[in-house]
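Undergrad: Handing you a structure now.
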Protein chains: 2
Amino acid sequence: MEQLSAYFSGKGISAIETAVITAAFSFKKIAKGDYFVQEGKTSKYLAFITKGLFQYYYAKDGKEITTYITGTNTFLLSIISFYKQQPSKENIRALSDAGLLMIHFDDLVKLKTNNEAFRNFYIGALENLAVGMDETRSNLITLTAEERYAVLMKNEPALLQQVPLQYLASILGVTPRHLSRIRNNY
Amino acid sequence: MEQLSAYFSGKGISAIETAVITAAFSFKKIAKGDYFVQEGKTSKYLAFITKGLFQYYYAKDGKEITTYITGTNTFLLSIISFYKQQPSKENIRALSDAGLLMIHFDDLVKLKTNNEAFRNFYIGALENLAVGMDETRSNLITLTAEERYAVLMKNEPALLQQVPLQYLASILGVTPRHLSRIRNNY
DNA sequence: TTTATTTATGGACATTTGTCCGGTAACAGC
DNA sequence: GCTGTTACCGGACAAATGTCCATAAATAAA
């Protein structure tokens with residue numbers, strides 16, 4: 001819980017408000033391989049990752065297409081399923097033993113309705129989310145797989161250590177076979 | 001201006017609040033081919049389209065990659081450039097003579113800070129934006145170009161009439177040559 | 001340590017998709 | 001109605017990427 005408090009404090013939210021906000025979250029341990037969101041089920045929680053690594057993926061034709069991997073001190077949610085409160089098409093799974101601070105959809109509604117400090121944070125977070133998603137999209141459009149691999153190497157060298165290349169290949173939008181070719185050409 | 005008022009009224013905002021909100025927008029005519037956002041320039045406005053069709057595209061290797069086309073009664077903005085207030089990498093151009101109701105970045109900040117009715121609308125709009133962007137991404141990942149073409153035919157048959165196929169090909173992520181192959185296979 | 005499992009690599013070949021055309025048809029301006 | 005421009009199609013070939021696979025290395029399990 002201290003991690004989440006530190007996070008909100010770092011966003012300029014007062015100690016009192018931070019206490020009110022974090023009180024809406026509850027801790028849950030997640031074992032490696034467990035699902036935070038599972039295809040077909042409606043996601044009712046948003047979470048803050050206190051520990052661990054999570055993989056977003058779609059199952060298609062019996063294969064897994066990984067779209068995103070995120071870890072400690074970031075938020076975790078299936079955007080479509082959470083906001084539309086409808087069954088998810090994507091899966092979110094722990095790649096390692098992990099810890100989450102979860103908030104229920106209804107409690108988030110209350111928080112953003114009643115708590116001004118949180119609402120202001122929330123608006124900024126949504127704007128950042130939109131920007132981040134658009135940047136990802138822009139990169140997928142304007143960069144080649146090679147260039148995106150280079151960007152990934154530069155921005156997230158840690159990921160390359162923690163995550164099997166097959167997942168990175170999937171995120172880059174190529175097969176492991178082709179990523180091997182890319183790495184060969186430096 | 002009536003169009004924008006009708007839009008906000010339709011979102012459940014009172015007549016009084018709607019008047020306050022729409023007062024922050026000003027009308028501008030745009031000729032076919034003119035730019036709303038141009039690569040290299042920082043976008044300072046968000047707009048509501050009262051008339052016309054607009055194309056979002058990236059210029060890459062001397063070619064245009066169209067990512068989105070939108071029209072009357074929708075909002076228009078370059079997400080990255082507008083929110084980060086930094087030079088844009090994408091272009092937004094009128095495909096026909098058009099009319100816009102524009103609001104300056106600073107006035108939007110005021111509106112979302114001071115006007116509760118607008119702020120609530122704005123939060124919902126951002127959530128919808130995130131959902132929409134994620135759905136687009138999901139479709140790009142899980143559907144083939146054929147399937148996306150079928151979805152487009154079903155959801156936006158009007159677009160197929162108004163917009164040259166080369167743009168649609170670009171949105172689908174294939175060359176016009178390949179879209180021709182797709183259409184040939186029905 | 002030994003054995004089984006997962007992960008990474010790269011050859012050989014198939015498929016998909018792009019590039020570079022040229023030929024019509026449709027449309028816009030004179 | 002002519003004439004230049006733009007849009008659409010599809011052939012022929014090239015390039016990029018995927019499929020299938022065997023091997024070897026790395027890691028986890030026994």
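Each chain of the structure tokens is named A, B, ... in the order shown, its residues numbered from 1; ligands are numbered from 1 in display order.
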May I ask you to extract the residues of chain B within 6 Å of chain A, using only C-alpha atoms, and to give them as a PyMOL selection string?

TA: chain B and resi 80+130-131

Undergrad: Restricting it to N, CA and C atoms, dump the selection as a short mmCIF file (atom, residue, chain, number, x, y, z; two decimals), in the first residue's frame.

TA:
data_model
loop_
_atom_site.label_atom_id
_atom_site.label_comp_id
_atom_site.auth_asym_id
_atom_site.auth_seq_id
_atom_site.Cartn_x
_atom_site.Cartn_y
_atom_site.Cartn_z
N ILE B 80 -1.61 13.48 -29.97
CA ILE B 80 -0.26 13.65 -29.43
C ILE B 80 0.14 15.12 -29.40
N ALA B 130 -10.47 6.23 -25.38
CA ALA B 130 -9.56 5.13 -25.07
C ALA B 130 -10.15 3.80 -25.54
N VAL B 131 -11.43 3.61 -25.28
CA VAL B 131 -12.08 2.37 -25.72
C VAL B 131 -12.04 2.25 -27.24
#

Undergrad: Onto chain A, please fit chain B by least squares using all C-alpha atoms in order, then return the transformed chain as an mmCIF file with C-alpha atoms, in the first residue's frame.

TA:
data_model
loop_
_atom_site.group_PDB
_atom_site.id
_atom_site.type_symbol
_atom_site.label_atom_id
_atom_site.label_comp_id
_atom_site.auth_asym_id
_atom_site.auth_seq_id
_atom_site.Cartn_x
_atom_site.Cartn_y
_atom_site.Cartn_z
ATOM 1 C CA MET B 1 0.012 -0.032 -0.012
ATOM 2 C CA GLU B 2 2.943 2.288 0.669
ATOM 3 C CA GLN B 3 3.895 2.003 -2.964
ATOM 4 C CA LEU B 4 0.529 3.288 -4.122
ATOM 5 C CA SER B 5 0.607 6.073 -1.537
ATOM 6 C CA ALA B 6 4.040 7.063 -2.766
ATOM 7 C CA TYR B 7 2.739 7.008 -6.320
ATOM 8 C CA PHE B 8 -0.150 9.386 -5.595
ATOM 9 C CA SER B 9 1.994 11.598 -3.391
ATOM 10 C CA GLY B 10 4.431 11.841 -6.262
ATOM 11 C CA LYS B 11 1.555 13.105 -8.397
ATOM 12 C CA GLY B 12 1.116 16.039 -6.009
ATOM 13 C CA ILE B 13 -1.850 14.658 -4.076
ATOM 14 C CA SER B 14 -1.940 15.545 -0.386
ATOM 15 C CA ALA B 15 -1.343 12.939 2.308
ATOM 16 C CA ILE B 16 -4.946 13.170 3.461
ATOM 17 C CA GLU B 17 -6.403 12.688 0.008
ATOM 18 C CA THR B 18 -3.917 9.938 -0.737
ATOM 19 C CA ALA B 19 -5.114 8.066 2.339
ATOM 20 C CA VAL B 20 -8.726 8.374 1.241
ATOM 21 C CA ILE B 21 -7.926 7.210 -2.271
ATOM 22 C CA THR B 22 -5.722 4.262 -1.379
ATOM 23 C CA ALA B 23 -8.361 3.065 1.090
ATOM 24 C CA ALA B 24 -10.480 2.086 -1.920
ATOM 25 C CA PHE B 25 -7.850 -0.426 -3.055
ATOM 26 C CA SER B 26 -7.312 -3.897 -1.628
ATOM 27 C CA PHE B 27 -4.285 -6.121 -1.925
ATOM 28 C CA LYS B 28 -4.192 -9.472 -3.669
ATOM 29 C CA LYS B 29 -1.395 -11.906 -4.348
ATOM 30 C CA ILE B 30 -1.251 -13.425 -7.806
ATOM 31 C CA ALA B 31 0.721 -16.522 -8.715
ATOM 32 C CA LYS B 32 2.711 -16.832 -11.897
ATOM 33 C CA GLY B 33 0.415 -17.919 -14.715
ATOM 34 C CA ASP B 34 -2.765 -16.675 -13.027
ATOM 35 C CA TYR B 35 -5.123 -14.401 -14.905
ATOM 36 C CA PHE B 36 -6.087 -10.857 -13.979
ATOM 37 C CA VAL B 37 -8.444 -10.716 -16.963
ATOM 38 C CA GLN B 38 -9.651 -13.731 -18.869
ATOM 39 C CA GLU B 39 -11.224 -13.887 -22.306
ATOM 40 C CA GLY B 40 -14.988 -14.186 -22.065
ATOM 41 C CA LYS B 41 -15.209 -12.710 -18.583
ATOM 42 C CA THR B 42 -16.071 -9.124 -17.736
ATOM 43 C CA SER B 43 -13.284 -7.300 -15.964
ATOM 44 C CA LYS B 44 -14.548 -5.543 -12.848
ATOM 45 C CA TYR B 45 -11.247 -4.336 -11.460
ATOM 46 C CA LEU B 46 -8.490 -1.914 -12.200
ATOM 47 C CA ALA B 47 -5.197 -2.571 -10.415
ATOM 48 C CA PHE B 48 -1.883 -1.083 -9.452
ATOM 49 C CA ILE B 49 1.026 -3.515 -9.723
ATOM 50 C CA THR B 50 3.121 -3.603 -6.548
ATOM 51 C CA LYS B 51 5.254 -6.436 -7.841
ATOM 52 C CA GLY B 52 5.489 -8.606 -10.934
ATOM 53 C CA LEU B 53 5.185 -8.631 -14.686
ATOM 54 C CA PHE B 54 1.949 -8.943 -16.665
ATOM 55 C CA GLN B 55 1.269 -9.908 -20.250
ATOM 56 C CA TYR B 56 -1.669 -8.694 -22.357
ATOM 57 C CA TYR B 57 -2.531 -11.044 -25.194
ATOM 58 C CA TYR B 58 -5.183 -12.122 -27.644
ATOM 59 C CA ALA B 59 -5.719 -15.785 -28.452
ATOM 60 C CA LYS B 60 -6.151 -16.211 -32.185
ATOM 61 C CA ASP B 61 -6.200 -19.498 -34.114
ATOM 62 C CA GLY B 62 -4.821 -21.242 -31.057
ATOM 63 C CA LYS B 63 -1.897 -18.846 -30.901
ATOM 64 C CA GLU B 64 -1.177 -16.049 -28.477
ATOM 65 C CA ILE B 65 -0.615 -12.562 -29.807
ATOM 66 C CA THR B 66 1.047 -10.480 -27.105
ATOM 67 C CA THR B 67 0.312 -6.777 -27.353
ATOM 68 C CA TYR B 68 1.784 -5.351 -24.189
ATOM 69 C CA ILE B 69 3.849 -6.222 -21.152
ATOM 70 C CA THR B 70 3.931 -4.074 -18.041
ATOM 71 C CA GLY B 71 5.236 -4.295 -14.515
ATOM 72 C CA THR B 72 5.766 -2.846 -11.069
ATOM 73 C CA ASN B 73 4.325 0.585 -10.264
ATOM 74 C CA THR B 74 2.035 0.801 -13.276
ATOM 75 C CA PHE B 75 -1.727 0.390 -13.609
ATOM 76 C CA LEU B 76 -3.322 -2.687 -15.075
ATOM 77 C CA LEU B 77 -6.688 -2.866 -16.827
ATOM 78 C CA SER B 78 -8.411 -4.253 -19.865
ATOM 79 C CA ILE B 79 -9.641 -0.977 -21.313
ATOM 80 C CA ILE B 80 -12.519 -2.272 -23.427
ATOM 81 C CA SER B 81 -13.902 -4.801 -20.982
ATOM 82 C CA PHE B 82 -13.528 -2.553 -17.944
ATOM 83 C CA TYR B 83 -15.114 0.581 -19.397
ATOM 84 C CA LYS B 84 -17.826 -1.133 -21.394
ATOM 85 C CA GLN B 85 -18.367 -3.735 -18.649
ATOM 86 C CA GLN B 86 -18.620 -6.438 -21.253
ATOM 87 C CA PRO B 87 -16.806 -9.761 -21.742
ATOM 88 C CA SER B 88 -13.160 -9.356 -22.636
ATOM 89 C CA LYS B 89 -11.550 -10.535 -25.855
ATOM 90 C CA GLU B 90 -8.084 -10.119 -24.428
ATOM 91 C CA ASN B 91 -6.289 -11.864 -21.598
ATOM 92 C CA ILE B 92 -4.025 -10.427 -18.929
ATOM 93 C CA ARG B 93 -1.795 -12.926 -17.172
ATOM 94 C CA ALA B 94 0.985 -12.786 -14.590
ATOM 95 C CA LEU B 95 4.364 -13.747 -16.012
ATOM 96 C CA SER B 96 5.753 -14.014 -12.483
ATOM 97 C CA ASP B 97 4.466 -14.135 -8.934
ATOM 98 C CA ALA B 98 2.931 -10.738 -8.376
ATOM 99 C CA GLY B 99 1.077 -8.386 -6.061
ATOM 100 C CA LEU B 100 -1.837 -6.150 -7.004
ATOM 101 C CA LEU B 101 -3.786 -3.344 -5.362
ATOM 102 C CA MET B 102 -7.224 -3.627 -6.892
ATOM 103 C CA ILE B 103 -10.160 -1.259 -7.053
ATOM 104 C CA HIS B 104 -13.666 -2.293 -8.109
ATOM 105 C CA PHE B 105 -15.343 -0.557 -11.035
ATOM 106 C CA ASP B 106 -18.090 0.845 -8.785
ATOM 107 C CA ASP B 107 -15.562 2.229 -6.307
ATOM 108 C CA LEU B 108 -13.670 3.900 -9.116
ATOM 109 C CA VAL B 109 -16.899 5.548 -10.213
ATOM 110 C CA LYS B 110 -17.428 6.806 -6.662
ATOM 111 C CA LEU B 111 -13.891 8.037 -6.381
ATOM 112 C CA LYS B 112 -13.913 9.994 -9.627
ATOM 113 C CA THR B 113 -17.334 11.408 -8.789
ATOM 114 C CA ASN B 114 -16.705 12.422 -5.199
ATOM 115 C CA ASN B 115 -13.013 13.074 -4.849
ATOM 116 C CA GLU B 116 -11.715 16.143 -6.616
ATOM 117 C CA ALA B 117 -8.029 15.376 -6.143
ATOM 118 C CA PHE B 118 -8.507 11.938 -7.629
ATOM 119 C CA ARG B 119 -10.661 13.263 -10.453
ATOM 120 C CA ASN B 120 -7.975 15.692 -11.531
ATOM 121 C CA PHE B 121 -5.395 12.952 -11.431
ATOM 122 C CA TYR B 122 -7.748 10.685 -13.346
ATOM 123 C CA ILE B 123 -8.321 13.206 -16.139
ATOM 124 C CA GLY B 124 -4.585 13.613 -16.586
ATOM 125 C CA ALA B 125 -4.096 9.856 -16.533
ATOM 126 C CA LEU B 126 -6.726 9.384 -19.257
ATOM 127 C CA GLU B 127 -5.111 12.060 -21.394
ATOM 128 C CA ASN B 128 -1.747 10.374 -20.957
ATOM 129 C CA LEU B 129 -3.307 7.037 -21.773
ATOM 130 C CA ALA B 130 -4.693 8.414 -25.024
ATOM 131 C CA VAL B 131 -1.346 9.963 -25.899
ATOM 132 C CA GLY B 132 0.504 6.752 -25.129
ATOM 133 C CA MET B 133 -1.870 4.644 -27.187
ATOM 134 C CA ASP B 134 -1.578 7.049 -30.086
ATOM 135 C CA GLU B 135 2.208 6.990 -29.886
ATOM 136 C CA THR B 136 2.194 3.212 -29.985
ATOM 137 C CA ARG B 137 -0.095 3.319 -32.991
ATOM 138 C CA SER B 138 2.075 5.940 -34.665
ATOM 139 C CA ASN B 139 5.165 3.791 -34.178
ATOM 140 C CA LEU B 140 3.451 0.734 -35.583
ATOM 141 C CA ILE B 141 2.577 2.747 -38.671
ATOM 142 C CA THR B 142 5.685 4.772 -39.319
ATOM 143 C CA LEU B 143 8.430 2.429 -38.149
ATOM 144 C CA THR B 144 9.537 -0.923 -39.517
ATOM 145 C CA ALA B 145 9.779 -3.942 -37.223
ATOM 146 C CA GLU B 146 13.568 -3.419 -37.214
ATOM 147 C CA GLU B 147 13.187 0.152 -36.066
ATOM 148 C CA ARG B 148 10.679 -0.785 -33.394
ATOM 149 C CA TYR B 149 13.040 -3.447 -32.145
ATOM 150 C CA ALA B 150 15.774 -0.819 -31.912
ATOM 151 C CA VAL B 151 13.438 1.516 -29.997
ATOM 152 C CA LEU B 152 12.538 -1.288 -27.602
ATOM 153 C CA MET B 153 16.206 -2.147 -27.067
ATOM 154 C CA LYS B 154 16.929 1.468 -26.276
ATOM 155 C CA ASN B 155 13.900 2.279 -24.094
ATOM 156 C CA GLU B 156 13.387 -0.990 -22.252
ATOM 157 C CA PRO B 157 16.614 -2.950 -22.192
ATOM 158 C CA ALA B 158 15.401 -4.583 -18.962
ATOM 159 C CA LEU B 159 12.486 -6.173 -20.802
ATOM 160 C CA LEU B 160 14.877 -7.947 -23.132
ATOM 161 C CA GLN B 161 16.373 -9.702 -20.131
ATOM 162 C CA GLN B 162 13.145 -10.558 -18.361
ATOM 163 C CA VAL B 163 10.948 -11.611 -21.238
ATOM 164 C CA PRO B 164 11.404 -14.470 -23.731
ATOM 165 C CA LEU B 165 11.992 -13.210 -27.254
ATOM 166 C CA GLN B 166 8.829 -14.876 -28.520
ATOM 167 C CA TYR B 167 6.773 -12.322 -26.584
ATOM 168 C CA LEU B 168 8.791 -9.416 -27.887
ATOM 169 C CA ALA B 169 8.413 -10.725 -31.432
ATOM 170 C CA SER B 170 4.681 -10.755 -30.916
ATOM 171 C CA ILE B 171 4.645 -7.199 -29.579
ATOM 172 C CA LEU B 172 6.682 -6.092 -32.579
ATOM 173 C CA GLY B 173 4.146 -7.785 -34.823
ATOM 174 C CA VAL B 174 6.393 -10.461 -36.324
ATOM 175 C CA THR B 175 6.979 -14.164 -35.794
ATOM 176 C CA PRO B 176 9.879 -15.384 -33.658
ATOM 177 C CA ARG B 177 11.391 -16.726 -36.861
ATOM 178 C CA HIS B 178 11.392 -13.282 -38.373
ATOM 179 C CA LEU B 179 12.688 -11.567 -35.231
ATOM 180 C CA SER B 180 15.609 -13.950 -35.455
ATOM 181 C CA ARG B 181 16.244 -12.634 -38.980
ATOM 182 C CA ILE B 182 16.004 -9.058 -37.716
ATOM 183 C CA ARG B 183 18.448 -9.676 -34.880
ATOM 184 C CA ASN B 184 20.784 -11.308 -37.348
ATOM 185 C CA ASN B 185 20.903 -8.109 -39.410
ATOM 186 C CA TYR B 186 21.669 -6.168 -36.209
#

Undergrad: Counting only C-alpha atoms (C1' of nucleotides), a student should be able to say which residues of chain C come within 9 Å of chain A; what is the right answer, written as a list in words?

TA: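 Using only C-alpha atoms (C1' of nucleotides), chain C residues at most 9 Å from chain A: DT7, DA8, DT9 and DG10 of chain C.
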
Undergrad: Can you list every residue of chain D that has an atom at most 12 Å from chain B, with its nearest atom pair and the distance in Å to one decimal, using only C-alpha atoms (C1' of nucleotides), ordered by chain then number, as a tab-separated table?

TA:
residue	atom	partner	partner_atom	distance
D:DT6	C1'	B:Pro164	CA	9.9
D:DA7	C1'	B:Pro164	CA	7.3
D:DC8	C1'	B:Ser180	CA	8.3
D:DC9	C1'	B:Ser180	CA	7.1
D:DG10	C1'	B:Ser180	CA	8.2
D:DG11	C1'	B:Arg177	CA	11.5

Undergrad: Take the selection from the previous step and output its residues with N, CA and C atoms (P, O5', C5', C4', C3', O3' and C1' of nucleotides), as a PDB file, in the first residue's frame.

TA:
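As written to disk, part.pdb reads:
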ATOM      1  P    DT D   6      -4.299  15.152 -60.654  1.00  0.00           P
ATOM      2  O5'  DT D   6      -5.339  14.013 -60.249  1.00  0.00           O
ATOM      3  C5'  DT D   6      -6.719  14.346 -60.121  1.00  0.00           C
ATOM      4  C4'  DT D   6      -7.513  13.063 -60.028  1.00  0.00           C
ATOM      5  C3'  DT D   6      -6.892  12.021 -59.083  1.00  0.00           C
ATOM      6  O3'  DT D   6      -7.874  11.674 -58.125  1.00  0.00           O
ATOM      7  C1'  DT D   6      -7.493  11.054 -61.163  1.00  0.00           C
ATOM      8  P    DA D   7      -7.619  10.479 -57.078  1.00  0.00           P
ATOM      9  O5'  DA D   7      -8.362   9.287 -57.826  1.00  0.00           O
ATOM     10  C5'  DA D   7      -9.774   9.358 -57.992  1.00  0.00           C
ATOM     11  C4'  DA D   7     -10.269   8.043 -58.541  1.00  0.00           C
ATOM     12  C3'  DA D   7      -9.901   6.827 -57.696  1.00  0.00           C
ATOM     13  O3'  DA D   7     -11.047   5.995 -57.600  1.00  0.00           O
ATOM     14  C1'  DA D   7      -9.120   6.529 -59.905  1.00  0.00           C
ATOM     15  P    DC D   8     -11.015   4.781 -56.514  1.00  0.00           P
ATOM     16  O5'  DC D   8     -10.803   3.514 -57.439  1.00  0.00           O
ATOM     17  C5'  DC D   8     -11.787   3.211 -58.429  1.00  0.00           C
ATOM     18  C4'  DC D   8     -11.212   2.190 -59.369  1.00  0.00           C
ATOM     19  C3'  DC D   8     -10.658   0.942 -58.680  1.00  0.00           C
ATOM     20  O3'  DC D   8     -11.558  -0.127 -58.938  1.00  0.00           O
ATOM     21  C1'  DC D   8      -9.301   1.676 -60.500  1.00  0.00           C
ATOM     22  P    DC D   9     -11.319  -1.592 -58.328  1.00  0.00           P
ATOM     23  O5'  DC D   9     -10.496  -2.297 -59.486  1.00  0.00           O
ATOM     24  C5'  DC D   9     -11.075  -2.391 -60.784  1.00  0.00           C
ATOM     25  C4'  DC D   9     -10.047  -2.956 -61.730  1.00  0.00           C
ATOM     26  C3'  DC D   9      -9.404  -4.253 -61.265  1.00  0.00           C
ATOM     27  O3'  DC D   9      -9.884  -5.312 -62.073  1.00  0.00           O
ATOM     28  C1'  DC D   9      -7.801  -2.717 -62.180  1.00  0.00           C
ATOM     29  P    DG D  10      -9.764  -6.833 -61.540  1.00  0.00           P
ATOM     30  O5'  DG D  10      -8.373  -7.291 -62.172  1.00  0.00           O
ATOM     31  C5'  DG D  10      -8.159  -7.104 -63.563  1.00  0.00           C
ATOM     32  C4'  DG D  10      -6.684  -7.242 -63.859  1.00  0.00           C
ATOM     33  C3'  DG D  10      -5.996  -8.438 -63.178  1.00  0.00           C
ATOM     34  O3'  DG D  10      -5.214  -9.086 -64.144  1.00  0.00           O
ATOM     35  C1'  DG D  10      -4.783  -6.480 -62.782  1.00  0.00           C
ATOM     36  P    DG D  11      -4.796 -10.616 -64.020  1.00  0.00           P
ATOM     37  O5'  DG D  11      -3.389 -10.630 -64.780  1.00  0.00           O
ATOM     38  C5'  DG D  11      -3.315 -10.068 -66.096  1.00  0.00           C
ATOM     39  C4'  DG D  11      -1.876  -9.755 -66.439  1.00  0.00           C
ATOM     40  C3'  DG D  11      -0.889 -10.830 -66.030  1.00  0.00           C
ATOM     41  O3'  DG D  11       0.056 -11.023 -67.093  1.00  0.00           O
ATOM     42  C1'  DG D  11      -0.284  -8.769 -64.996  1.00  0.00           C
TER      43       DG D  11
END

Undergrad: Do you have the atom C1' of DA25 of chain D-atom C1' of DT3 of chain C distance handy?

TA: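 Atom-to-atom, atom C1' of DA25 of chain D and atom C1' of DT3 of chain C are spaced 15.2 Å apart.
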
Undergrad: Apply DSSP to the structure's backbone, then extract all residues of segment 26-105 of chain B labelled strand (DSSP E or B) and return them as number ranges by chain.

TA: B: 26-30, 35-37, 42, 45-51, 53-60, 63-71, 75-76, 87, 90-94, 98-104

Undergrad: Between atom C1' of DT23 of chain D and atom C1' of DT16 of chain C, what is the distance, to one decimal in Å?

TA: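 One can read the atom C1' of DT23 of chain D to atom C1' of DT16 of chain C distance as 27.9 Å.
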
Undergrad: For DA28 of chain C, work out the shell of residues within 12 Å, counting only C-alpha atoms (C1' of nucleotides) and skipping chain neighbours fewer than 3 positions away, then give it as number ranges by chain.

TA: D: 3-6

Undergrad: Grab the residues selected above and save them as a PDB file, in the first residue's frame with N, CA and C atoms (P, O5', C5', C4', C3', O3' and C1' of nucleotides).

TA:
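Final output, saved to part-v6.pdb:
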ATOM      1  P    DT D   3      -8.630  17.233 -78.130  1.00  0.00           P
ATOM      2  O5'  DT D   3      -8.281  17.395 -76.589  1.00  0.00           O
ATOM      3  C5'  DT D   3      -8.441  18.676 -75.962  1.00  0.00           C
ATOM      4  C4'  DT D   3      -7.902  18.593 -74.541  1.00  0.00           C
ATOM      5  C3'  DT D   3      -6.781  17.568 -74.361  1.00  0.00           C
ATOM      6  O3'  DT D   3      -5.828  18.084 -73.460  1.00  0.00           O
ATOM      7  C1'  DT D   3      -8.544  17.071 -72.901  1.00  0.00           C
ATOM      8  P    DG D   4      -4.359  17.455 -73.346  1.00  0.00           P
ATOM      9  O5'  DG D   4      -4.103  17.538 -71.782  1.00  0.00           O
ATOM     10  C5'  DG D   4      -4.388  18.761 -71.078  1.00  0.00           C
ATOM     11  C4'  DG D   4      -4.854  18.405 -69.670  1.00  0.00           C
ATOM     12  C3'  DG D   4      -3.867  17.534 -68.894  1.00  0.00           C
ATOM     13  O3'  DG D   4      -3.692  18.112 -67.611  1.00  0.00           O
ATOM     14  C1'  DG D   4      -6.020  16.548 -68.871  1.00  0.00           C
ATOM     15  P    DT D   5      -2.596  17.545 -66.598  1.00  0.00           P
ATOM     16  O5'  DT D   5      -3.511  16.781 -65.538  1.00  0.00           O
ATOM     17  C5'  DT D   5      -4.617  17.496 -64.943  1.00  0.00           C
ATOM     18  C4'  DT D   5      -5.450  16.523 -64.136  1.00  0.00           C
ATOM     19  C3'  DT D   5      -4.627  15.586 -63.231  1.00  0.00           C
ATOM     20  O3'  DT D   5      -5.038  15.832 -61.906  1.00  0.00           O
ATOM     21  C1'  DT D   5      -6.305  14.398 -64.418  1.00  0.00           C
ATOM     22  P    DT D   6      -4.299  15.152 -60.654  1.00  0.00           P
ATOM     23  O5'  DT D   6      -5.339  14.013 -60.249  1.00  0.00           O
ATOM     24  C5'  DT D   6      -6.719  14.346 -60.121  1.00  0.00           C
ATOM     25  C4'  DT D   6      -7.513  13.063 -60.028  1.00  0.00           C
ATOM     26  C3'  DT D   6      -6.892  12.021 -59.083  1.00  0.00           C
ATOM     27  O3'  DT D   6      -7.874  11.674 -58.125  1.00  0.00           O
ATOM     28  C1'  DT D   6      -7.493  11.054 -61.163  1.00  0.00           C
TER      29       DT D   6
END

Undergrad: Just the number, please: distance in Å from atom C1' of DT17 of chain C to atom C1' of DG18 of chain D, one decimal.

TA: 11.7 Å
